[in-house]
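Text of the file target30.txt, holding compact mmCIF, C-alpha atoms (C1' of nucleotides):
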# COMPACT_ATOMS: atom_id res chain seq x y z
CA MET A 1 0.00 0.00 0.00
CA SER A 2 1.33 3.43 -0.90
CA ASP A 3 1.70 6.16 1.68
CA ARG A 4 -1.13 8.06 0.02
CA GLU A 5 -3.46 5.11 0.49
CA HIS A 6 -2.13 4.65 3.99
CA LEU A 7 -3.30 8.14 4.88
CA LYS A 8 -6.61 7.72 3.10
CA ASN A 9 -7.30 4.55 5.01
CA ALA A 10 -6.56 6.35 8.23
CA GLY A 11 -9.16 8.96 7.30
CA LEU A 12 -6.55 11.66 6.69
CA LYS A 13 -6.30 13.88 3.65
CA SER A 14 -3.13 13.15 1.77
CA THR A 15 -1.04 16.31 2.02
CA LEU A 16 2.61 17.00 1.44
CA PRO A 17 3.61 17.52 5.08
CA ARG A 18 1.86 14.35 6.16
CA LEU A 19 3.52 12.31 3.43
CA LYS A 20 6.92 13.66 4.40
CA VAL A 21 6.45 12.84 8.07
CA LEU A 22 5.16 9.36 7.35
CA ASN A 23 7.99 8.72 4.94
CA LEU A 24 10.50 9.86 7.51
CA PHE A 25 9.25 7.38 10.07
CA GLU A 26 9.33 4.60 7.50
CA HIS A 27 12.90 5.27 6.44
CA SER A 28 14.66 6.88 9.36
CA LYS A 29 17.45 4.94 11.00
CA GLU A 30 16.11 5.86 14.42
CA ARG A 31 12.87 4.19 15.29
CA HIS A 32 11.90 6.63 18.05
CA LEU A 33 11.64 10.30 17.11
CA SER A 34 10.56 13.41 19.00
CA ALA A 35 8.70 16.27 17.34
CA GLU A 36 11.93 18.24 17.36
CA ASP A 37 13.77 15.31 15.73
CA VAL A 38 11.22 15.12 12.96
CA TYR A 39 11.31 18.86 12.41
CA ARG A 40 15.12 18.97 12.23
CA GLN A 41 15.45 15.98 9.93
CA LEU A 42 12.92 17.43 7.52
CA LEU A 43 14.71 20.77 7.56
CA THR A 44 18.03 19.05 6.90
CA SER A 45 16.67 17.15 3.92
CA GLY A 46 15.31 20.38 2.48
CA ASP A 47 11.68 19.55 3.18
CA ASP A 48 10.50 22.60 5.05
CA VAL A 49 7.59 21.83 7.32
CA GLY A 50 6.51 24.15 10.11
CA LEU A 51 7.06 22.95 13.66
CA ALA A 52 3.40 23.48 14.53
CA THR A 53 2.44 21.29 11.60
CA VAL A 54 4.80 18.58 12.78
CA TYR A 55 3.10 18.58 16.17
CA ARG A 56 -0.35 18.51 14.59
CA VAL A 57 0.54 15.72 12.20
CA LEU A 58 2.12 13.62 14.93
CA THR A 59 -0.98 13.95 17.08
CA GLN A 60 -3.26 13.09 14.17
CA PHE A 61 -1.15 10.08 13.28
CA GLU A 62 -1.32 8.95 16.86
CA GLN A 63 -5.11 9.28 16.91
CA ALA A 64 -5.33 7.46 13.61
CA GLY A 65 -3.26 4.63 15.05
CA LEU A 66 -0.30 5.11 12.71
CA LEU A 67 2.07 6.19 15.46
CA ILE A 68 2.49 5.44 19.13
CA ARG A 69 3.40 8.18 21.57
CA HIS A 70 5.76 7.46 24.42
CA HIS A 71 6.74 9.52 27.43
CA PHE A 72 10.21 8.46 28.41
CA GLU A 73 11.80 9.98 31.50
CA SER A 74 12.67 13.28 29.90
CA GLY A 75 9.07 14.46 29.91
CA LYS A 76 9.34 14.99 26.18
CA ALA A 77 7.25 12.84 23.86
CA VAL A 78 8.73 10.48 21.30
CA PHE A 79 6.88 8.60 18.59
CA GLU A 80 7.35 5.35 16.76
CA LEU A 81 5.56 3.64 13.89
CA ASN A 82 2.76 1.43 15.12
CA SER A 83 3.81 -2.00 13.98
CA GLY A 84 0.63 -3.53 15.30
CA SER A 85 2.53 -5.72 17.70
CA HIS A 86 2.68 -4.28 21.19
CA HIS A 87 6.01 -4.20 22.98
CA ASP A 88 7.69 -2.52 25.92
CA HIS A 89 10.94 -0.58 26.09
CA ILE A 90 14.31 -0.63 27.74
CA VAL A 91 15.95 2.77 27.58
CA CYS A 92 19.66 3.32 28.15
CA MET A 93 20.17 6.19 30.57
CA GLN A 94 23.64 6.88 29.19
CA CYS A 95 23.08 7.10 25.45
CA GLY A 96 19.33 6.98 24.90
CA HIS A 97 19.52 3.69 23.01
CA VAL A 98 16.16 1.89 23.06
CA GLU A 99 15.51 -1.81 22.81
CA GLU A 100 12.11 -3.40 22.62
CA PHE A 101 10.80 -6.53 24.22
CA PHE A 102 7.58 -8.38 24.70
CA ASP A 103 6.71 -10.73 27.54
CA PRO A 104 3.27 -12.33 27.43
CA GLY A 105 3.60 -13.22 31.09
CA ILE A 106 4.00 -9.59 32.07
CA GLU A 107 1.07 -8.59 29.87
CA ALA A 108 -1.18 -11.21 31.40
CA ARG A 109 -0.27 -10.27 34.96
CA GLN A 110 -0.93 -6.62 34.27
CA LYS A 111 -4.38 -7.39 32.92
CA LYS A 112 -5.10 -9.45 35.97
CA ALA A 113 -3.88 -6.82 38.42
CA ALA A 114 -6.21 -4.26 36.85
CA ALA A 115 -9.16 -6.61 36.53
CA ASP A 116 -8.84 -7.66 40.17
CA ARG A 117 -9.33 -4.02 41.14
CA GLY A 118 -12.31 -3.47 38.87
CA PHE A 119 -10.48 -1.35 36.32
CA THR A 120 -11.04 -1.48 32.57
CA VAL A 121 -7.65 -1.23 30.93
CA HIS A 122 -7.16 1.12 27.99
CA ASP A 123 -3.44 1.12 27.74
CA HIS A 124 -0.27 0.65 29.67
CA SER A 125 3.34 1.69 29.50
CA LEU A 126 6.34 -0.11 30.84
CA TYR A 127 9.77 1.43 30.62
CA ILE A 128 12.92 -0.03 32.06
CA TYR A 129 15.71 2.47 32.62
CA ALA A 130 19.13 0.93 32.50
CA ASP A 131 22.68 1.03 31.16
CA CYS A 132 23.01 -0.73 27.85
CA ASN A 133 26.66 -1.71 28.43
CA ARG A 134 27.34 -1.85 24.70
CA PRO A 135 30.90 -1.06 23.59
CA GLN A 136 29.61 1.78 21.43
CA CYS A 137 27.76 3.34 24.35
CA PRO A 138 29.59 6.50 25.32
CA ASN A 139 29.29 6.84 29.05
CA ARG A 140 28.64 10.50 28.73
CA ASP A 141 25.44 11.95 30.14
CA GLY A 142 23.36 14.83 28.94
CA LYS A 143 22.90 13.55 25.43
CA ASN A 144 19.13 13.54 25.55
CA MET B 145 11.65 10.09 64.17
CA SER B 146 10.71 13.76 63.86
CA ASP B 147 10.62 15.51 60.53
CA ARG B 148 13.68 17.53 61.54
CA GLU B 149 15.64 14.33 62.12
CA HIS B 150 14.22 12.90 58.92
CA LEU B 151 15.76 15.75 56.97
CA LYS B 152 19.03 15.57 58.88
CA ASN B 153 19.33 11.88 58.10
CA ALA B 154 18.76 12.62 54.46
CA GLY B 155 21.64 15.08 54.57
CA LEU B 156 19.38 18.11 54.20
CA LYS B 157 19.43 21.20 56.36
CA SER B 158 16.21 21.50 58.29
CA THR B 159 14.51 24.63 56.98
CA LEU B 160 10.96 25.88 57.22
CA PRO B 161 9.97 25.29 53.57
CA ARG B 162 11.35 21.77 53.63
CA LEU B 163 9.50 20.93 56.82
CA LYS B 164 6.27 22.26 55.36
CA VAL B 165 6.60 20.24 52.19
CA LEU B 166 7.49 17.06 54.03
CA ASN B 167 4.63 17.56 56.44
CA LEU B 168 2.24 18.08 53.56
CA PHE B 169 3.16 14.77 51.98
CA GLU B 170 2.79 13.01 55.31
CA HIS B 171 -0.66 14.38 56.00
CA SER B 172 -2.25 15.14 52.66
CA LYS B 173 -5.26 13.09 51.67
CA GLU B 174 -3.86 12.69 48.18
CA ARG B 175 -0.85 10.46 47.99
CA HIS B 176 0.36 11.76 44.61
CA LEU B 177 1.04 15.47 44.32
CA SER B 178 2.44 17.66 41.55
CA ALA B 179 4.62 20.69 42.23
CA GLU B 180 1.64 22.89 41.51
CA ASP B 181 -0.50 20.87 43.95
CA VAL B 182 2.06 21.31 46.70
CA TYR B 183 2.39 25.02 45.99
CA ARG B 184 -1.36 25.61 46.03
CA GLN B 185 -2.01 23.58 49.16
CA LEU B 186 0.68 25.44 51.04
CA LEU B 187 -0.71 28.77 49.88
CA THR B 188 -4.18 27.74 50.97
CA SER B 189 -3.02 26.77 54.44
CA GLY B 190 -1.29 30.12 54.79
CA ASP B 191 2.23 28.71 54.48
CA ASP B 192 3.73 30.85 51.76
CA VAL B 193 6.50 29.06 49.94
CA GLY B 194 7.81 30.19 46.58
CA LEU B 195 7.07 27.98 43.60
CA ALA B 196 10.76 27.79 42.69
CA THR B 197 11.49 26.57 46.20
CA VAL B 198 8.83 23.91 45.90
CA TYR B 199 10.46 22.62 42.74
CA ARG B 200 13.91 22.68 44.34
CA VAL B 201 12.73 20.94 47.49
CA LEU B 202 10.90 18.24 45.56
CA THR B 203 14.00 17.51 43.50
CA GLN B 204 16.18 17.40 46.60
CA PHE B 205 13.76 15.10 48.35
CA GLU B 206 13.77 12.85 45.34
CA GLN B 207 17.56 12.73 45.28
CA ALA B 208 17.60 12.08 49.00
CA GLY B 209 15.21 9.18 48.49
CA LEU B 210 12.35 10.72 50.48
CA LEU B 211 10.09 11.09 47.47
CA ILE B 212 9.55 9.25 44.22
CA ARG B 213 8.93 11.14 41.02
CA HIS B 214 6.46 9.77 38.48
CA HIS B 215 5.68 10.85 34.95
CA PHE B 216 2.11 9.89 34.29
CA GLU B 217 0.67 10.50 30.84
CA SER B 218 0.22 14.23 31.21
CA GLY B 219 3.94 14.87 30.93
CA LYS B 220 3.75 16.64 34.25
CA ALA B 221 5.62 15.19 37.21
CA VAL B 222 3.90 13.97 40.38
CA PHE B 223 5.56 12.89 43.60
CA GLU B 224 4.74 10.47 46.38
CA LEU B 225 6.36 9.60 49.68
CA ASN B 226 8.88 6.81 49.30
CA SER B 227 7.46 4.09 51.47
CA GLY B 228 10.43 1.88 50.80
CA SER B 229 8.27 -0.75 49.17
CA HIS B 230 8.24 -0.51 45.41
CA HIS B 231 4.93 -0.68 43.61
CA ASP B 232 3.39 0.13 40.25
CA HIS B 233 0.38 2.27 39.39
CA ILE B 234 -3.00 2.06 37.76
CA VAL B 235 -4.23 5.49 36.78
CA CYS B 236 -7.87 6.25 35.98
CA MET B 237 -8.08 8.21 32.75
CA GLN B 238 -11.42 9.69 33.74
CA CYS B 239 -10.78 11.05 37.23
CA GLY B 240 -7.06 10.71 37.87
CA HIS B 241 -7.61 8.24 40.71
CA VAL B 242 -4.49 6.17 41.33
CA GLU B 243 -4.25 2.69 42.78
CA GLU B 244 -1.04 0.87 43.54
CA PHE B 245 -0.14 -2.73 43.09
CA PHE B 246 2.88 -4.98 43.29
CA ASP B 247 3.42 -8.20 41.41
CA PRO B 248 6.68 -10.03 42.11
CA GLY B 249 6.19 -12.05 38.94
CA ILE B 250 6.17 -8.91 36.83
CA GLU B 251 9.23 -7.60 38.63
CA ALA B 252 11.16 -10.79 38.07
CA ARG B 253 10.28 -10.97 34.40
CA GLN B 254 11.35 -7.39 33.86
CA LYS B 255 14.72 -8.05 35.44
CA LYS B 256 15.16 -11.08 33.25
CA ALA B 257 14.17 -9.27 30.05
CA ALA B 258 16.81 -6.62 30.73
CA ALA B 259 19.48 -9.05 31.85
CA ASP B 260 18.97 -11.20 28.76
CA ARG B 261 19.85 -8.16 26.66
CA GLY B 262 22.93 -7.23 28.66
CA PHE B 263 21.39 -4.21 30.35
CA THR B 264 22.02 -3.17 33.94
CA VAL B 265 18.70 -2.01 35.36
CA HIS B 266 18.56 1.22 37.34
CA ASP B 267 14.86 1.72 37.54
CA HIS B 268 11.60 1.01 35.81
CA SER B 269 8.16 2.43 35.56
CA LEU B 270 4.93 0.65 34.84
CA TYR B 271 1.70 2.55 34.49
CA ILE B 272 -1.63 1.05 33.54
CA TYR B 273 -4.11 3.54 32.11
CA ALA B 274 -7.70 2.51 32.66
CA ASP B 275 -11.18 3.44 33.80
CA CYS B 276 -11.65 2.92 37.51
CA ASN B 277 -15.40 2.22 37.19
CA ARG B 278 -16.05 3.40 40.74
CA PRO B 279 -19.46 4.92 41.44
CA GLN B 280 -17.84 8.13 42.57
CA CYS B 281 -15.84 8.44 39.35
CA PRO B 282 -17.32 11.29 37.34
CA ASN B 283 -17.02 10.38 33.69
CA ARG B 284 -15.91 13.84 32.84
CA ASP B 285 -12.54 14.35 31.19
CA GLY B 286 -10.12 17.20 31.49
CA LYS B 287 -9.83 17.09 35.23
CA ASN B 288 -6.07 16.72 35.28
C1' DC C 289 -9.85 24.42 -13.58
C1' DG C 290 -12.56 27.03 -9.97
C1' DT C 291 -14.57 26.72 -5.30
C1' DG C 292 -14.87 25.59 -0.48
C1' DC C 293 -13.26 23.69 3.48
C1' DA C 294 -9.47 21.68 5.65
C1' DA C 295 -4.47 22.09 6.29
C1' DT C 296 -0.47 24.88 6.73
C1' DG C 297 3.09 28.30 8.42
C1' DA C 298 4.56 31.92 11.34
C1' DG C 299 4.55 33.56 15.42
C1' DA C 300 2.21 34.47 19.76
C1' DA C 301 0.70 32.15 23.80
C1' DT C 302 0.74 28.65 27.41
C1' DA C 303 2.31 25.08 30.86
C1' DG C 304 5.77 23.17 33.38
C1' DT C 305 10.14 23.73 34.97
C1' DT C 306 14.87 25.67 35.79
C1' DG C 307 18.19 29.56 36.33
C1' DT C 308 19.66 34.14 38.42
C1' DC C 309 20.62 36.96 42.05
C1' DA C 310 19.73 39.87 45.87
C1' DT C 311 17.93 38.93 50.50
C1' DT C 312 17.02 35.92 54.38
C1' DT C 313 17.69 31.88 57.35
C1' DC C 314 20.08 28.48 59.72
C1' DC C 315 23.82 26.52 62.18
C1' DT C 316 28.28 27.20 64.31
C1' DT C 317 31.45 29.50 66.98
C1' DG C 318 32.79 33.19 70.30
C1' DC D 319 22.84 34.95 73.34
C1' DA D 320 25.08 37.65 69.11
C1' DA D 321 27.77 37.57 64.87
C1' DG D 322 29.29 35.64 60.58
C1' DG D 323 29.39 32.83 56.59
C1' DA D 324 27.48 29.36 53.85
C1' DA D 325 23.45 27.63 52.21
C1' DA D 326 18.50 28.30 51.24
C1' DT D 327 14.83 31.21 49.78
C1' DG D 328 11.67 34.28 46.93
C1' DA D 329 10.63 36.93 43.04
C1' DC D 330 11.02 36.95 38.56
C1' DA D 331 13.33 36.14 34.17
C1' DA D 332 14.34 32.51 31.01
C1' DC D 333 13.74 28.24 28.88
C1' DT D 334 11.66 23.93 26.74
C1' DA D 335 7.95 21.50 24.95
C1' DT D 336 3.72 22.07 23.15
C1' DT D 337 -0.68 24.29 21.64
C1' DC D 338 -3.35 28.19 19.77
C1' DT D 339 -4.58 31.85 16.39
C1' DC D 340 -5.34 33.42 12.15
C1' DA D 341 -4.18 34.86 7.63
C1' DT D 342 -2.76 32.21 3.53
C1' DT D 343 -2.39 28.01 0.80
C1' DG D 344 -3.51 23.55 -1.14
C1' DC D 345 -6.29 19.39 -1.77
C1' DA D 346 -10.43 16.95 -3.57
C1' DC D 347 -14.53 17.29 -5.85
C1' DG D 348 -17.52 18.57 -9.10
Let me see whether you can do it: turn the structure in this file into structure tokens.
Amino acid sequence: MSDREHLKNAGLKSTLPRLKVLNLFEHSKERHLSAEDVYRQLLTSGDDVGLATVYRVLTQFEQAGLLIRHHFESGKAVFELNSGSHHDHIVCMQCGHVEEFFDPGIEARQKKAAADRGFTVHDHSLYIYADCNRPQCPNRDGKN
Amino acid sequence: MSDREHLKNAGLKSTLPRLKVLNLFEHSKERHLSAEDVYRQLLTSGDDVGLATVYRVLTQFEQAGLLIRHHFESGKAVFELNSGSHHDHIVCMQCGHVEEFFDPGIEARQKKAAADRGFTVHDHSLYIYADCNRPQCPNRDGKN
DNA sequence: CGTGCAATGAGAATAGTTGTCATTTCCTTG
DNA sequence: CAAGGAAATGACAACTATTCTCATTGCACG
């Protein structure tokens, strides 16, 4: 399916800024991007899109289910393409590197914990903050 | 142990603003408070403390291990007294009501997921977003 | 290809939080 | 108990992330 159709299916008019943002998420090396990241990368590649538009488009994409919004520790939102398969995140506190994982046992226990208390679950977020210990991880702070 | 000693033990000079903030957390009906909440409640009870001081004190308390900082969905930080016993949170999306739970199975599986990938865990956060379904939950949004 | 409504861009506005700096408070010592 | 110096405070400016406003532009549809 083309990006144009993708947007149509999501109930969104197919406009230039939206195509650029979607394309960026599909081809960027980084899987998790903040609004600022998106804005800068588009600027760099010569595709001028206003920052306000980036924010609007990201929110629309989230509502349409194309993107997932995360709030890592920084208090600043990052987005990733919605692959359809839910997963949780391990974030390196030194370099910001993110790895994903999925544990059906954890999912099941969460559901149960909520159900036991009478809650109807809409969503959940699990972030593990850690050191990635990879050789290429610079032990500098303040990158994010 | 008195609040003064509490602060001393934490390596913090015992000042009026810090005592007021600590006291508020110990006696407030709400367990989870934002900086703004703390500021307003102190104003209301006639204890004038500057907003900047509230922020500073909260951060110091967090570093001293007296408080725990959470980032719920809103992107705005809330704090709770550190009871020493770790737990996770279920947050009602309708009324902001928070319930706590602890599941050793979830904890263990998280540790394993990280260890399997070579990470050294520092911390983690698990929030379940749900409807609390309590009779007293007003189904209005926009409270938070 | 024009027309209308939705989308965009620029910049102002807002929310939450941190930084600056002159003034005040707390603890120690005399 | 008073004085002094370091640390803490308060008022406000500054900053970051995000949303709002509104005049202009661009898409889809006939």
Selection near DA341 (chain D), 12 Å with only C-alpha atoms (C1' of nucleotides), sequence-local residues under 3 positions removed, as a list in words |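 Once the adjacent positions are removed, what remains is DT296, DG297, DA298 and DG299 of chain C.
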9 Å contact set for DA326 (chain D), all atoms listed in the file, chain neighbours under 4 positions out, as a list in words |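 Non-adjacent residues within range: Lys157, Thr159 and Thr197 of chain B; DT312, DT313 and DC314 of chain C.
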The selected residues should be written to file as a JSON list (two decimals), in the frame of the given file (atoms: C-alpha atoms (C1' of nucleotides)).
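What landed in again15.json:
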[["chain", "number", "residue", "atom", "x", "y", "z"],
["B", 157, "LYS", "CA", 19.43, 21.20, 56.36],
["B", 159, "THR", "CA", 14.51, 24.63, 56.98],
["B", 197, "THR", "CA", 11.49, 26.57, 46.20],
["C", 312, "DT", "C1'", 17.02, 35.92, 54.38],
["C", 313, "DT", "C1'", 17.69, 31.88, 57.35],
["C", 314, "DC", "C1'", 20.08, 28.48, 59.72]]
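Residues in contact with Ala52 (chain A) at 10 Å, where all atoms listed in the file are counted and same-chain residues fewer than 3 positions away are skipped, are listed as Ala35, Tyr39, Val49, Tyr55, Arg56, Val57 and Leu58 of chain A; DT296, DG297 and DA298 of chain C; DT336, DT337 and DC338 of chain D.
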Fit chain A to chain B: least squares, all C-alpha atoms, paired in order; write the output as a compact mmCIF listing (two decimals) with C-alpha atoms, keeping the file's coordinate frame.
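As a result, selection_35.txt now contains:
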# COMPACT_ATOMS: atom_id res chain seq x y z
CA MET A 1 11.66 10.06 64.13
CA SER A 2 10.75 13.72 63.83
CA ASP A 3 10.65 15.49 60.50
CA ARG A 4 13.70 17.50 61.52
CA GLU A 5 15.68 14.31 62.09
CA HIS A 6 14.25 12.90 58.90
CA LEU A 7 15.80 15.75 56.95
CA LYS A 8 19.07 15.57 58.85
CA ASN A 9 19.37 11.89 58.09
CA ALA A 10 18.79 12.62 54.44
CA GLY A 11 21.68 15.08 54.54
CA LEU A 12 19.41 18.11 54.18
CA LYS A 13 19.45 21.21 56.33
CA SER A 14 16.25 21.49 58.27
CA THR A 15 14.53 24.61 56.96
CA LEU A 16 10.99 25.85 57.19
CA PRO A 17 10.00 25.27 53.56
CA ARG A 18 11.36 21.75 53.61
CA LEU A 19 9.52 20.91 56.81
CA LYS A 20 6.28 22.24 55.37
CA VAL A 21 6.61 20.23 52.18
CA LEU A 22 7.50 17.05 54.02
CA ASN A 23 4.65 17.54 56.44
CA LEU A 24 2.25 18.06 53.58
CA PHE A 25 3.18 14.76 51.99
CA GLU A 26 2.82 12.99 55.32
CA HIS A 27 -0.64 14.37 56.02
CA SER A 28 -2.24 15.13 52.69
CA LYS A 29 -5.26 13.09 51.70
CA GLU A 30 -3.87 12.69 48.20
CA ARG A 31 -0.85 10.48 48.00
CA HIS A 32 0.35 11.77 44.62
CA LEU A 33 1.04 15.49 44.33
CA SER A 34 2.44 17.67 41.56
CA ALA A 35 4.63 20.69 42.25
CA GLU A 36 1.65 22.90 41.51
CA ASP A 37 -0.49 20.88 43.96
CA VAL A 38 2.06 21.31 46.70
CA TYR A 39 2.40 25.02 46.01
CA ARG A 40 -1.37 25.60 46.05
CA GLN A 41 -2.00 23.58 49.19
CA LEU A 42 0.71 25.44 51.06
CA LEU A 43 -0.69 28.76 49.89
CA THR A 44 -4.17 27.74 51.00
CA SER A 45 -3.00 26.77 54.46
CA GLY A 46 -1.26 30.11 54.81
CA ASP A 47 2.24 28.70 54.51
CA ASP A 48 3.74 30.83 51.78
CA VAL A 49 6.51 29.04 49.95
CA GLY A 50 7.81 30.19 46.59
CA LEU A 51 7.07 27.98 43.60
CA ALA A 52 10.76 27.78 42.70
CA THR A 53 11.50 26.57 46.20
CA VAL A 54 8.83 23.90 45.91
CA TYR A 55 10.48 22.61 42.74
CA ARG A 56 13.92 22.67 44.34
CA VAL A 57 12.75 20.93 47.48
CA LEU A 58 10.90 18.25 45.54
CA THR A 59 13.99 17.51 43.48
CA GLN A 60 16.20 17.39 46.56
CA PHE A 61 13.77 15.09 48.33
CA GLU A 62 13.76 12.85 45.31
CA GLN A 63 17.56 12.72 45.25
CA ALA A 64 17.62 12.05 48.97
CA GLY A 65 15.22 9.16 48.47
CA LEU A 66 12.37 10.70 50.46
CA LEU A 67 10.10 11.09 47.45
CA ILE A 68 9.55 9.24 44.21
CA ARG A 69 8.92 11.13 40.99
CA HIS A 70 6.46 9.79 38.48
CA HIS A 71 5.67 10.86 34.94
CA PHE A 72 2.09 9.93 34.27
CA GLU A 73 0.64 10.54 30.82
CA SER A 74 0.18 14.25 31.24
CA GLY A 75 3.89 14.95 30.94
CA LYS A 76 3.73 16.69 34.29
CA ALA A 77 5.60 15.19 37.23
CA VAL A 78 3.89 13.97 40.38
CA PHE A 79 5.55 12.88 43.59
CA GLU A 80 4.74 10.47 46.36
CA LEU A 81 6.36 9.60 49.68
CA ASN A 82 8.88 6.81 49.30
CA SER A 83 7.46 4.07 51.46
CA GLY A 84 10.43 1.85 50.78
CA SER A 85 8.26 -0.77 49.18
CA HIS A 86 8.22 -0.53 45.41
CA HIS A 87 4.90 -0.67 43.61
CA ASP A 88 3.38 0.15 40.24
CA HIS A 89 0.37 2.28 39.38
CA ILE A 90 -3.00 2.07 37.75
CA VAL A 91 -4.24 5.50 36.76
CA CYS A 92 -7.88 6.25 35.95
CA MET A 93 -8.09 8.22 32.72
CA GLN A 94 -11.44 9.70 33.72
CA CYS A 95 -10.81 11.06 37.20
CA GLY A 96 -7.09 10.70 37.85
CA HIS A 97 -7.62 8.25 40.70
CA VAL A 98 -4.49 6.17 41.32
CA GLU A 99 -4.26 2.70 42.77
CA GLU A 100 -1.06 0.89 43.54
CA PHE A 101 -0.14 -2.72 43.07
CA PHE A 102 2.84 -4.97 43.30
CA ASP A 103 3.40 -8.20 41.39
CA PRO A 104 6.64 -10.05 42.10
CA GLY A 105 6.16 -12.04 38.92
CA ILE A 106 6.16 -8.90 36.80
CA GLU A 107 9.21 -7.58 38.63
CA ALA A 108 11.13 -10.79 38.09
CA ARG A 109 10.28 -10.96 34.39
CA GLN A 110 11.36 -7.38 33.88
CA LYS A 111 14.72 -8.05 35.49
CA LYS A 112 15.16 -11.06 33.29
CA ALA A 113 14.21 -9.25 30.09
CA ALA A 114 16.84 -6.59 30.80
CA ALA A 115 19.51 -9.03 31.94
CA ASP A 116 19.02 -11.16 28.83
CA ARG A 117 19.91 -8.11 26.74
CA GLY A 118 22.96 -7.19 28.78
CA PHE A 119 21.42 -4.17 30.46
CA THR A 120 22.02 -3.13 34.07
CA VAL A 121 18.70 -1.99 35.45
CA HIS A 122 18.52 1.23 37.46
CA ASP A 123 14.83 1.73 37.61
CA HIS A 124 11.60 1.01 35.86
CA SER A 125 8.13 2.45 35.60
CA LEU A 126 4.93 0.66 34.84
CA TYR A 127 1.70 2.56 34.47
CA ILE A 128 -1.61 1.08 33.50
CA TYR A 129 -4.11 3.56 32.10
CA ALA A 130 -7.68 2.53 32.63
CA ASP A 131 -11.18 3.46 33.78
CA CYS A 132 -11.66 2.92 37.47
CA ASN A 133 -15.41 2.22 37.15
CA ARG A 134 -16.05 3.37 40.71
CA PRO A 135 -19.48 4.87 41.42
CA GLN A 136 -17.84 8.10 42.57
CA CYS A 137 -15.87 8.41 39.35
CA PRO A 138 -17.34 11.27 37.36
CA ASN A 139 -17.05 10.34 33.73
CA ARG A 140 -15.99 13.81 32.86
CA ASP A 141 -12.66 14.36 31.14
CA GLY A 142 -10.25 17.22 31.39
CA LYS A 143 -9.89 17.10 35.14
CA ASN A 144 -6.15 16.63 35.12
In Å to one decimal, how far is CA of Ala130 (chain A) from CA of Gly262 (chain B)?
->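 So the answer is 9.8 Å.
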Could you name the residues that touch region 100-111 of chain A at 7 Å or less, counting only C-alpha atoms (C1' of nucleotides), but leaving out those on the same chain fewer than 4 positions away, as a list of chain:residue names?
->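 The contact residues come out as A:His87, A:Asp88, A:His89, A:Ile90, A:Ala115, B:Ile250, B:Arg253.
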Shell of 12 Å around His32 (chain A), all atoms listed in the file, local chain residues under 4 positions omitted, as a PyMOL selection string = chain A and resi 24-28+36-38+67-72+76-82+89+91+96-100
If we count all atoms listed in the file, which residues of chain B reach to within 6 Å of chain A? Please list them as number ranges by chain.
-> B: 219, 250, 263-276
Of the candidates A:Ser34, A:Ser14, A:Thr44, A:Ser83, which one gets nearest to DA346 (chain D) if we count only C-alpha atoms (C1' of nucleotides)?
->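 Using only C-alpha atoms (C1' of nucleotides), the shortest distance to DA346 (chain D) belongs to A:Ser14.
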Best match for closeness to chain D among A:Val21, A:Ala64, A:Cys137, A:Leu16, counting only C-alpha atoms (C1' of nucleotides) |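 Looking at the shortest contact to chain D, the residue is A:Leu16.
The coordinates place CA of Phe205 (chain B) at 23.1 Å from CA of Gln94 (chain A).
The space between CA of Leu42 (chain A) and CA of Pro17 (chain A) spans 9.6 Å.
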Closest atom pairs, chain C residues within 10 Å of chain B, only C-alpha atoms (C1' of nucleotides), as JSON lines:
{"residue": "C:DA303", "atom": "C1'", "partner": "B:Lys220", "partner_atom": "CA", "distance": 9.2}
{"residue": "C:DG304", "atom": "C1'", "partner": "B:Lys220", "partner_atom": "CA", "distance": 6.9}
{"residue": "C:DT305", "atom": "C1'", "partner": "B:Tyr199", "partner_atom": "CA", "distance": 7.9}
{"residue": "C:DT306", "atom": "C1'", "partner": "B:Ala196", "partner_atom": "CA", "distance": 8.3}
{"residue": "C:DG307", "atom": "C1'", "partner": "B:Ala196", "partner_atom": "CA", "distance": 9.9}
{"residue": "C:DT313", "atom": "C1'", "partner": "B:Thr159", "partner_atom": "CA", "distance": 7.9}
{"residue": "C:DC314", "atom": "C1'", "partner": "B:Thr159", "partner_atom": "CA", "distance": 7.3}
{"residue": "C:DC315", "atom": "C1'", "partner": "B:Lys157", "partner_atom": "CA", "distance": 9.0}
Provide as a ChimeraX atom specification the residues of chain D at most 10 Å from chain B, counting only C-alpha atoms (C1' of nucleotides).
-> /D:325-329,335
Go through D:DC340, D:DC319, D:DC345, D:DC330 and flag the residue nearest DG318 (chain C), using only C-alpha atoms (C1' of nucleotides) for the distances.
->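 Looking only at the distances to DG318 (chain C), the closest residue turns out to be D:DC319.
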Hey, can I get the axis-aligned box for region 336-341 of chain D? All listed atoms, 6 Å padding on each side, centre and edge lengths in Å to one decimal, as lines of an AutoDock Vina configuration file.
center_x = -0.8
center_y = 28.5
center_z = 15.4
size_x = 21.1
size_y = 24.8
size_z = 27.5
